[in-house]
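Reading through the structure tokens given below for one structure.
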Amino acid sequence: MSDVLDLTCELIRRASVTPDDAGCQALIAARLERAGFAIEHLRFGDVDNLWATHGSGAPVFVFLGHTDVVPSGPAEAWSSPPFEPSIRSCDVPGRENPEAVGHDGTLHLYGRGAADMKSGVAAMVVALEDFVRGQPDHRGTVALLVTSDEEGMAIDGVRRVADLFRERGQRIDACVVGEPSSKARLGDLVRIGRRGSLTGRLRVEGVQGHVAYPDQADNPIHRIAPALAELVATRWDEGNAAFPPTSFQISNIEAGTGADNVIPGRLRVVCNFRFGTASTAQDLRERSEAILRRHGVRFSIDWHLSGEPFLTPDGPLRRAALAAIASHCGIEPEQSTGGGTSDGRFIAPLGAEVIELGLCNATIHKVDECVAIADLERLPALYAEVARRHLATA
Ligand SMILES: [Zn+2]
């Protein structure tokens, strides 16, 4: 069994359901310490974070990942127990999308975290060990940052570590997030940025009353309807070369007493913006509140910004990744800013170039999560080459 496969299996055996690390980081820290890394355990609340560095000074090249996993769901729905790694070729007929999930006869590793992202963490660890063994006196710093709070609240994980780095003046020049970014083949997609996400929780006040006496009531549904229509119809921006136009979606509306003769006294709306670098969160907040005021809506709104958008321009890290993918995978990847959020959003504001590059994501968070073993075994060399090329050119 290869080193990276063995380490991935060891990590899967530790049932680290978010935010529990279940000993994953101790295992990683022991290995990296043996390889000459300086180890720092950063525990905030219930969350374990591990910061391991080798070398000193700039440029600082970081691999970022998480040891926590989402719950397995009912274990009996799995073909093998979710926290016991299982290696087999799967040929179960009748599954949807057989190629993507690997029902093509090739060997796969099954278990919770097999794709998201204990395999990626194991590959980053092995890549770092190999890298410092080959280049003990490398330029700059290579490092690993892992958290046990990516799948959960994401408050005491990388967000807190980034605050600490800001206080300490710890710079990061380049960050490869080992999340499963690929679609059908290893290396077919690299993420070069992410949209921001801004959620608004709106409360509209009215006056409850009898539907037959509307002059004695104030209907919040009638107040909000034209304002919502305008919010939905608004073109917030045109997007730009890297991002599509900002999208606005209403996810929840709630009002009414259930009786058909009562005008409700209040109404709630939840809405979300996904936005690129053509708009700012502040701009979107102000413009939407101005629309509500113009329609005479009596409201209060709580905003939650779960991440600013970021974009890594064409530079040393993107070039290092493309060259490494070309030589190890023989393909030219799609460079995308799509998808949801990741912990890269907390590292990018430190001034780092951030990309996400990893295994296929077809089965993440699903029952019978799995990864192709051939892909897993190619990943450490791919990661090590990104680091080597970046440190040689940055
Ligand atoms: Zn993940």
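Ordering of the structure tokens sets the chain letters (A, B, ...); residue numbers start at 1 within each chain; ligands are numbered from 1 in the order shown.
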| message | Using only C-alpha atoms and all ligand atoms, which residues have at least one atom no more than 7 Å from ligand 1? Output them as JSON, numbers by chain. | response | {"A": [66, 116, 117, 150, 151, 179, 180]}
| request: Report the residues of region 30-198 of chain A whose backbone DSSP state falls under alpha helix (DSSP H), written as a ChimeraX atom specification. | output: /A:30-34,118-134,158-168
Those selected residues, please, written with N, CA and C atoms and delivered as an mmCIF file, in the first residue's frame.
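Everything below was put into out_14.cif:
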data_model
loop_
_atom_site.group_PDB
_atom_site.id
_atom_site.type_symbol
_atom_site.label_atom_id
_atom_site.label_comp_id
_atom_site.auth_asym_id
_atom_site.auth_seq_id
_atom_site.Cartn_x
_atom_site.Cartn_y
_atom_site.Cartn_z
ATOM 1 N N ALA A 30 2.852 14.598 14.126
ATOM 2 C CA ALA A 30 3.964 13.692 14.445
ATOM 3 C C ALA A 30 4.795 13.409 13.195
ATOM 4 N N ARG A 31 4.111 13.212 12.077
ATOM 5 C CA ARG A 31 4.837 12.940 10.822
ATOM 6 C C ARG A 31 5.650 14.145 10.391
ATOM 7 N N LEU A 32 5.028 15.312 10.405
ATOM 8 C CA LEU A 32 5.737 16.496 9.911
ATOM 9 C C LEU A 32 6.865 16.906 10.862
ATOM 10 N N GLU A 33 6.671 16.665 12.139
ATOM 11 C CA GLU A 33 7.753 16.956 13.093
ATOM 12 C C GLU A 33 8.972 16.085 12.782
ATOM 13 N N ARG A 34 8.717 14.808 12.507
ATOM 14 C CA ARG A 34 9.821 13.907 12.117
ATOM 15 C C ARG A 34 10.523 14.393 10.854
ATOM 16 N N LYS A 118 -9.897 14.065 3.298
ATOM 17 C CA LYS A 118 -8.777 13.405 3.975
ATOM 18 C C LYS A 118 -7.728 12.939 2.976
ATOM 19 N N SER A 119 -8.158 12.585 1.781
ATOM 20 C CA SER A 119 -7.213 12.231 0.728
ATOM 21 C C SER A 119 -6.352 13.445 0.367
ATOM 22 N N GLY A 120 -6.980 14.608 0.242
ATOM 23 C CA GLY A 120 -6.233 15.825 -0.073
ATOM 24 C C GLY A 120 -5.261 16.186 1.036
ATOM 25 N N VAL A 121 -5.703 16.035 2.294
ATOM 26 C CA VAL A 121 -4.827 16.327 3.436
ATOM 27 C C VAL A 121 -3.628 15.373 3.430
ATOM 28 N N ALA A 122 -3.898 14.084 3.230
ATOM 29 C CA ALA A 122 -2.814 13.094 3.206
ATOM 30 C C ALA A 122 -1.831 13.410 2.079
ATOM 31 N N ALA A 123 -2.352 13.797 0.921
ATOM 32 C CA ALA A 123 -1.473 14.102 -0.218
ATOM 33 C C ALA A 123 -0.624 15.338 0.064
ATOM 34 N N MET A 124 -1.188 16.326 0.746
ATOM 35 C CA MET A 124 -0.422 17.532 1.076
ATOM 36 C C MET A 124 0.707 17.190 2.054
ATOM 37 N N VAL A 125 0.389 16.313 3.031
ATOM 38 C CA VAL A 125 1.412 15.915 4.012
ATOM 39 C C VAL A 125 2.555 15.167 3.314
ATOM 40 N N VAL A 126 2.212 14.188 2.488
ATOM 41 C CA VAL A 126 3.245 13.409 1.794
ATOM 42 C C VAL A 126 4.036 14.312 0.838
ATOM 43 N N ALA A 127 3.344 15.245 0.182
ATOM 44 C CA ALA A 127 4.031 16.177 -0.729
ATOM 45 C C ALA A 127 5.050 17.014 0.033
ATOM 46 N N LEU A 128 4.668 17.494 1.212
ATOM 47 C CA LEU A 128 5.589 18.319 2.004
ATOM 48 C C LEU A 128 6.782 17.499 2.489
ATOM 49 N N GLU A 129 6.519 16.273 2.941
ATOM 50 C CA GLU A 129 7.624 15.402 3.375
ATOM 51 C C GLU A 129 8.606 15.182 2.221
ATOM 52 N N ASP A 130 8.070 14.850 1.052
ATOM 53 C CA ASP A 130 8.936 14.593 -0.110
ATOM 54 C C ASP A 130 9.691 15.857 -0.520
ATOM 55 N N PHE A 131 8.973 16.980 -0.461
ATOM 56 C CA PHE A 131 9.585 18.236 -0.898
ATOM 57 C C PHE A 131 10.787 18.599 -0.024
ATOM 58 N N VAL A 132 10.643 18.528 1.294
ATOM 59 C CA VAL A 132 11.767 18.945 2.152
ATOM 60 C C VAL A 132 12.878 17.885 2.180
ATOM 61 N N ARG A 133 12.528 16.635 1.889
ATOM 62 C CA ARG A 133 13.569 15.613 1.786
ATOM 63 C C ARG A 133 14.438 15.889 0.554
ATOM 64 N N GLY A 134 13.780 16.277 -0.550
ATOM 65 C CA GLY A 134 14.512 16.561 -1.785
ATOM 66 C C GLY A 134 15.244 17.890 -1.751
ATOM 67 N N VAL A 158 -10.158 28.534 10.291
ATOM 68 C CA VAL A 158 -9.219 29.352 9.510
ATOM 69 C C VAL A 158 -9.528 30.847 9.660
ATOM 70 N N ARG A 159 -10.788 31.185 9.896
ATOM 71 C CA ARG A 159 -11.120 32.603 10.130
ATOM 72 C C ARG A 159 -10.322 33.152 11.323
ATOM 73 N N ARG A 160 -10.314 32.384 12.444
ATOM 74 C CA ARG A 160 -9.583 32.827 13.639
ATOM 75 C C ARG A 160 -8.077 32.798 13.421
ATOM 76 N N VAL A 161 -7.608 31.765 12.733
ATOM 77 C CA VAL A 161 -6.173 31.665 12.463
ATOM 78 C C VAL A 161 -5.729 32.855 11.601
ATOM 79 N N ALA A 162 -6.547 33.244 10.643
ATOM 80 C CA ALA A 162 -6.192 34.392 9.788
ATOM 81 C C ALA A 162 -6.116 35.672 10.616
ATOM 82 N N ASP A 163 -7.030 35.814 11.595
ATOM 83 C CA ASP A 163 -6.956 36.978 12.495
ATOM 84 C C ASP A 163 -5.630 36.979 13.254
ATOM 85 N N LEU A 164 -5.256 35.787 13.758
ATOM 86 C CA LEU A 164 -3.996 35.663 14.488
ATOM 87 C C LEU A 164 -2.807 36.002 13.597
ATOM 88 N N PHE A 165 -2.828 35.515 12.382
ATOM 89 C CA PHE A 165 -1.734 35.804 11.440
ATOM 90 C C PHE A 165 -1.642 37.313 11.181
ATOM 91 N N ARG A 166 -2.801 37.963 11.097
ATOM 92 C CA ARG A 166 -2.828 39.406 10.856
ATOM 93 C C ARG A 166 -2.152 40.130 12.023
ATOM 94 N N GLU A 167 -2.485 39.690 13.279
ATOM 95 C CA GLU A 167 -1.856 40.293 14.470
ATOM 96 C C GLU A 167 -0.351 40.067 14.482
ATOM 97 N N ARG A 168 0.050 38.866 14.120
ATOM 98 C CA ARG A 168 1.467 38.528 14.184
ATOM 99 C C ARG A 168 2.275 39.073 13.015
#
| field | Residue among A:Tyr213, A:Gly296, A:Gln25, A:Leu322 lying closest to Asn261 (chain A), counting only C-alpha atoms | value |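 Among A:Tyr213, A:Gly296, A:Gln25, A:Leu322, it is A:Tyr213 that comes nearest to Asn261 (chain A).
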| query | Pick from A:Val232, A:Ile347, A:Val17, A:Leu109: nearest to Glu308 (chain A), with only C-alpha atoms counted? | reply | A:Ile347
| Contacts of Val204 (chain A) within 8 Å, only C-alpha atoms, excl. fewer than 6 positions in-chain, as a ChimeraX atom specification | /A:220,224,266-268,297-300
| Please, what distance in Å, to one decimal, runs between CA of Asn49 (chain A) and CA of Leu145 (chain A)? | 7.2 Å
| message | Env of region 185-194 of chain A: 10 Å cut, atoms = only C-alpha atoms, seq-sep filter 5 positions within chain, self excluded. Answer as a PyMOL selection string. | response | chain A and resi 100+176-177+179-180+242-243+274-277+307-314+317-318+321-322+324-326+328-342+344-345+348+353-361+372+374-376+378-379+382
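Taking only C-alpha atoms into account, Phe83 (chain A) lies nearest to A:Ile12 out of the set A:Cys24, A:Val69, A:Ile12, A:Ile172.
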| With distances taken over only C-alpha atoms, which of A:Val367, A:Ile263, A:Ala143, A:Ala255 is nearest to Val207 (chain A)? | A:Ile263
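Distances here use only C-alpha atoms; by that measure, the residue among A:His210, A:His295, A:Arg285, A:Arg112 closest to Asp260 (chain A) is A:His210.
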| said: as an NGL selection string, please: every residue in region 176-387 of chain A that DSSP puts in strand (DSSP E). | reply: :A and (176-177 or 189-191 or 193-194 or 196-205 or 209-210 or 247-255 or 262-263 or 266-275 or 299-307 or 310-311 or 334-336 or 353-356 or 370-372)
| task | Name all residues at most 10 Å from Asp218 (chain A) (count only C-alpha atoms; drop same-chain ones fewer than 3 positions away) and give them as a list in words. | result | Glu205, Gly206, Val207, Gln208, Gly209, Pro214, Asp215, Ile221, His222, Arg223, Ile263, Pro264, Gly265 and Arg266 of chain A
Mind dumping the selected residues with N, CA and C atoms as a PDB file, in the first residue's frame?
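Writing done, so here's part34.pdb:
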ATOM      1  N   GLU A 205     -42.562  45.311   9.218  1.00  0.00           N
ATOM      2  CA  GLU A 205     -43.603  45.564  10.219  1.00  0.00           C
ATOM      3  C   GLU A 205     -44.857  46.105   9.534  1.00  0.00           C
ATOM      4  N   GLY A 206     -46.008  45.601   9.979  1.00  0.00           N
ATOM      5  CA  GLY A 206     -47.286  46.130   9.524  1.00  0.00           C
ATOM      6  C   GLY A 206     -48.198  46.295  10.730  1.00  0.00           C
ATOM      7  N   VAL A 207     -49.494  46.353  10.492  1.00  0.00           N
ATOM      8  CA  VAL A 207     -50.468  46.392  11.583  1.00  0.00           C
ATOM      9  C   VAL A 207     -51.515  45.330  11.290  1.00  0.00           C
ATOM     10  N   GLN A 208     -51.687  44.395  12.223  1.00  0.00           N
ATOM     11  CA  GLN A 208     -52.646  43.308  12.026  1.00  0.00           C
ATOM     12  C   GLN A 208     -54.067  43.834  12.099  1.00  0.00           C
ATOM     13  N   GLY A 209     -54.943  43.211  11.300  1.00  0.00           N
ATOM     14  CA  GLY A 209     -56.343  43.658  11.354  1.00  0.00           C
ATOM     15  C   GLY A 209     -57.264  42.718  10.591  1.00  0.00           C
ATOM     16  N   PRO A 214     -59.510  47.171   5.917  1.00  0.00           N
ATOM     17  CA  PRO A 214     -58.089  47.403   5.608  1.00  0.00           C
ATOM     18  C   PRO A 214     -57.608  48.787   6.015  1.00  0.00           C
ATOM     19  N   ASP A 215     -58.507  49.750   6.124  1.00  0.00           N
ATOM     20  CA  ASP A 215     -58.072  51.096   6.529  1.00  0.00           C
ATOM     21  C   ASP A 215     -57.606  51.112   7.982  1.00  0.00           C
ATOM     22  N   ILE A 221     -47.526  42.396   3.476  1.00  0.00           N
ATOM     23  CA  ILE A 221     -47.365  41.678   2.199  1.00  0.00           C
ATOM     24  C   ILE A 221     -47.535  42.655   1.040  1.00  0.00           C
ATOM     25  N   HIS A 222     -48.556  43.508   1.169  1.00  0.00           N
ATOM     26  CA  HIS A 222     -48.777  44.506   0.112  1.00  0.00           C
ATOM     27  C   HIS A 222     -47.639  45.509   0.065  1.00  0.00           C
ATOM     28  N   ARG A 223     -47.083  45.832   1.208  1.00  0.00           N
ATOM     29  CA  ARG A 223     -45.960  46.785   1.258  1.00  0.00           C
ATOM     30  C   ARG A 223     -44.732  46.209   0.564  1.00  0.00           C
ATOM     31  N   ILE A 263     -55.402  40.198   8.235  1.00  0.00           N
ATOM     32  CA  ILE A 263     -54.208  40.815   7.649  1.00  0.00           C
ATOM     33  C   ILE A 263     -53.081  40.604   8.649  1.00  0.00           C
ATOM     34  N   PRO A 264     -51.932  40.028   8.197  1.00  0.00           N
ATOM     35  CA  PRO A 264     -50.857  39.767   9.156  1.00  0.00           C
ATOM     36  C   PRO A 264     -50.168  41.055   9.612  1.00  0.00           C
ATOM     37  N   GLY A 265     -49.567  40.993  10.782  1.00  0.00           N
ATOM     38  CA  GLY A 265     -48.892  42.167  11.332  1.00  0.00           C
ATOM     39  C   GLY A 265     -47.416  42.244  10.971  1.00  0.00           C
ATOM     40  N   ARG A 266     -46.836  41.134  10.551  1.00  0.00           N
ATOM     41  CA  ARG A 266     -45.420  41.181  10.179  1.00  0.00           C
ATOM     42  C   ARG A 266     -45.090  40.109   9.148  1.00  0.00           C
TER      43      ARG A 266
END
